[in-house]
Amino acid sequence: MGVVVKKVELSWLDRTYVWPVMKGMGITFNHFIKQLFTRTSKRYTIQYPDMKKEMPAGYRGLHELKRFEDGAIKCVACFMCAEACPARCISIEAEEFSDLNITQGFEEKRPQVFKIDMLRCIYCGMCEEACPKDAIWLRNDYEVAAYDRLSMQYGKWDLMNTYAEADGKERITQDPMPSAPRRAIAM
Amino acid sequence: MFLAFALITLLGALGMLLQKNIIVAGLFMVAAFFGVAGLFVLLANPVAAALQLIVYSGAIMVLVLFVIMMLSSHEEEAAEVGHPIQRWLSVLLALALAAGGVTLVLASKGVRQLAERGAAMPPAVTLQGVGATLFEGHVLGFEVAGLMLLAAMVGAVALTKRNL
Amino acid sequence: MDTLASLLHMSPAVAWMVVKIVIVFSAVMILASVWTWVERRGSAMIQDRIGPNRAAIFGRIRIIGLQQLLADGIKFFFKEDLAPTDANKALFWLAPFLAFVPALMGFAVIPFGRSFTSGGHVYHLSVLDPGNGMGMLYPLAIGGLAVYGVLVAAWSSNNKWAILGGMRSSAAMVSYEIGMSLSVVALFMTTGGYDPSEIIAAQGHLPWHWNVVPHFLGFIVFFTCMFAETNRLPFDFAEGESEIVAGFNTEYGSMKFSLLALAEYAHLMTASALIATLYFGGWQVPFVANPTVALSITSFVLKLVFFAWVFVWIRWTLPRFRYDQLMHLGWKVMLPLSMVNLVFHAWRMSQGH
């Protein structure tokens, strides 16, 4: 069945063409005046480097590796995120550590290398879903850019420190020893 | 001033004759028209100059160039093999024409008067003057020309449009 | 003026001529280049955008983005200047000048202020003094020559889009010239003269005596035709960037392109000056019978700027016409309308008005 197209009957005033043009010019002039007298902060355009858009809560931006309050990394190097990653951009090398006083002789695991290739990452958030320890999450920050490919390889410290200042955390460059057994905290 | 405009006219005309590329030739012709318009201004006839520019270079040459472009003959046409006799004949004829023209101009009444009275600048021709002359002295010729143009226009439309 | 002339060892007339030429042409050029900015900023405002506001001197001083002009100029100047391989090089170089010179020349006959007397001399504020015999025919003639800039640019770049654009716009310009001329002829009739200063003097200082009131039909026709003559939207068939890449200036870059763009804006200035002169009383100040020279110049410049803004305004209001609609409008609407206008005024004059 064909679609019946309704023919619009123009009034004689519209058919003169002059009047509709004037109406159109009125509309554009309204826009012009409105835009002219709107403050910069109220305009639709967000002037990017000076103004930034508030990202919604669920936005998936740059990854961060979370830490405990004492600064120790939450990640236990279980490789779940690496498995879940559809883009295969996470590579982890685990290491064991033990401290007689705190871990009471038990061996604990943590990542020695935790690398995300931001050029391959598709920011899907599957790693965040898969993580059993809530150790990785995707922040609201979206300014992931660099001048060369190598600096798009985010290592463990990059993932922990990139927005450390903004969040009021300390920059850390080596794993601190946990001050209490983690199992105790978990229980 | 006269020399400049005369040179523009002559060079334009020469360029048009010698240029193989048909569009460039047309542009040379526009230059020649422009030079002629300048000469008209020097002869205290700005109306003719303006009309020359509006009608010839503004409309007719544009249409001619338009048609040439539409037929898109960008290739430079090779001249057909001509007989040398034609060339000599044409040179001779052109010389004869030039000689005849020059003698006629020199023998005309206006030039003799100019020699007697000296060259005083005549008052500039105005549009009002042209209109009055057309509609008082030459009204019949003017109307006949208009009628002929109308007939030509109707004929052109009738020829090109199959079903009116 | 006399002292200046004697300092420069020139007669006052010659000195005045030089001063006029410099003032008029530099003013038109500056206005034209400023109008590239107005176009971008104005279009942005109309479309609820912001427009260019980033260019700054020393990375700091940005006067509402006006330095964009300078930045564009520098950029165009230092770009590589190349011509396509199969282009006709000479004509390719000539075309921007062919477009630019007529656009500027058309301004020469328009009086931009009241004439004044000083030291026994009458100084006219137009490059060509009134009574030169060309009068309003001069801008029409120069407007006829303006086609060649587009046509030559289009043909010499040896590009099918360019040729299409050039052909479309030349056909449009030629067909709209007729309607425009006829509406101007009606003005000549009612004025009884064809010199712009006569036309201005005949209009007087009362806004309802200006030609736009009795010649409203003619004004609409003339205004529309001016859009076609200057190749501005809604009639910009020379460019038509959504249809034929960039039309006649597809192959142009660097300074040549900027000259073509400037030519368009200079043309726009001339067109709005013509509209102000013919239909809106030129330098006449509303309700002031004998304005001072400065006031008359201000009035003229204000009118000119307003109409130049209307050109920009309409460009960002209306979409482009289809080509056959343009031809339809030109031949079947504009030409009869201007004819009706002409005959109507002839009839009124015959009735002794």
# chains A, B, ... in the order shown; residues from 1 in each chain; ligands from 1
>>> interface_residues(of="chain B", to="chain C", cutoff="6 Å", atoms="only C-alpha atoms", output="PyMOL selection string")
chain B and resi 46+50+53-54+58+126
>>> closest_atom_pairs(of="chain C", to="chain A", cutoff="6 Å", atoms="only C-alpha atoms", output="Markdown table")
| residue | atom | partner | partner_atom | distance |
| --- | --- | --- | --- | --- |
| C:Met45 | CA | A:Phe32 | CA | 4.9 |
| C:Ile46 | CA | A:Phe32 | CA | 4.3 |
| C:Asp48 | CA | A:Gln35 | CA | 5.8 |
| C:Thr317 | CA | A:Met25 | CA | 6.0 |
>>> write_last_selection(atoms="C-alpha atoms", output="compact mmCIF listing (two decimals), in the first residue's frame")
# COMPACT_ATOMS: atom_id res chain seq x y z
CA MET C 45 24.89 33.18 16.25
CA ILE C 46 21.93 32.43 14.01
CA ASP C 48 23.02 28.94 18.19
CA THR C 317 17.88 31.76 6.54
>>> atom_distance(atom1="CA of Phe37 in chain A", atom2="CA of Arg40 in chain C")
17.6 Å
>>> select_by_dssp(residues="range 18-175 of chain A", states="strand (DSSP E or B)", output="PyMOL selection string")
chain A and resi 63-65+67+73+90-97+108-117+136-138+153-154
>>> write_last_selection(atoms="C-alpha atoms", output="CSV table (one decimal), in the first residue's frame")
chain,number,residue,atom,x,y,z
A,63,HIS,CA,40.6,2.8,34.1
A,64,GLU,CA,41.8,3.1,37.7
A,65,LEU,CA,43.3,0.4,39.9
A,67,ARG,CA,43.8,0.7,46.6
A,73,ILE,CA,46.6,-2.5,45.8
A,90,ILE,CA,44.9,-6.3,29.6
A,91,SER,CA,48.1,-8.1,30.4
A,92,ILE,CA,48.9,-9.1,34.0
A,93,GLU,CA,52.0,-10.7,35.5
A,94,ALA,CA,51.4,-11.9,39.0
A,95,GLU,CA,53.8,-12.0,41.9
A,96,GLU,CA,53.7,-13.5,45.3
A,97,PHE,CA,54.6,-11.8,48.5
A,108,GLU,CA,49.5,-13.5,48.8
A,109,LYS,CA,49.2,-12.6,45.2
A,110,ARG,CA,49.3,-9.2,43.6
A,111,PRO,CA,50.1,-7.9,40.1
A,112,GLN,CA,53.7,-7.2,39.4
A,113,VAL,CA,52.8,-5.8,36.0
A,114,PHE,CA,49.3,-4.7,35.1
A,115,LYS,CA,49.2,-3.2,31.7
A,116,ILE,CA,46.3,-1.9,29.7
A,117,ASP,CA,46.7,-1.0,26.0
A,136,ILE,CA,39.4,-2.0,38.8
A,137,TRP,CA,36.8,0.5,37.7
A,138,LEU,CA,36.3,2.9,34.8
A,153,GLN,CA,50.4,1.7,27.2
A,154,TYR,CA,49.2,2.3,30.8
>>> atom_distance(atom1="CA of Tyr279 in chain C", atom2="CA of Trp210 in chain C")
6.2 Å
>>> select_by_dssp(residues="range 21-71 of chain C", states="helix (DSSP H, G or I)", output="JSON list (two decimals) with C-alpha atoms, in the first residue's frame")
[["chain", "number", "residue", "atom", "x", "y", "z"],
["C", 21, "ILE", "CA", 40.19, 56.73, -4.30],
["C", 22, "VAL", "CA", 42.34, 55.70, -1.37],
["C", 23, "ILE", "CA", 39.56, 56.24, 1.16],
["C", 24, "VAL", "CA", 36.82, 54.55, -0.84],
["C", 25, "PHE", "CA", 38.76, 51.52, -1.96],
["C", 26, "SER", "CA", 40.48, 50.91, 1.34],
["C", 27, "ALA", "CA", 37.16, 51.31, 3.15],
["C", 28, "VAL", "CA", 35.49, 48.83, 0.84],
["C", 29, "MET", "CA", 38.38, 46.39, 1.18],
["C", 30, "ILE", "CA", 38.40, 46.65, 4.96],
["C", 31, "LEU", "CA", 34.64, 46.27, 5.13],
["C", 32, "ALA", "CA", 34.81, 43.29, 2.81],
["C", 33, "SER", "CA", 37.44, 41.56, 4.89],
["C", 34, "VAL", "CA", 35.62, 42.36, 8.11],
["C", 35, "TRP", "CA", 32.53, 40.90, 6.51],
["C", 36, "THR", "CA", 34.18, 37.50, 6.24],
["C", 37, "TRP", "CA", 34.29, 37.60, 10.01],
["C", 38, "VAL", "CA", 30.74, 38.95, 10.30],
["C", 39, "GLU", "CA", 29.57, 36.15, 8.06],
["C", 40, "ARG", "CA", 31.13, 33.47, 10.22],
["C", 41, "ARG", "CA", 30.21, 34.98, 13.53],
["C", 42, "GLY", "CA", 26.70, 35.95, 12.40],
["C", 43, "SER", "CA", 25.97, 32.54, 10.96],
["C", 44, "ALA", "CA", 27.16, 30.98, 14.19],
["C", 45, "MET", "CA", 24.89, 33.18, 16.25],
["C", 46, "ILE", "CA", 21.93, 32.43, 14.01],
["C", 68, "GLN", "CA", 40.61, 35.59, 12.82],
["C", 69, "LEU", "CA", 40.91, 37.92, 9.82],
["C", 70, "LEU", "CA", 44.60, 38.36, 10.43],
["C", 71, "ALA", "CA", 45.13, 34.68, 11.07]]
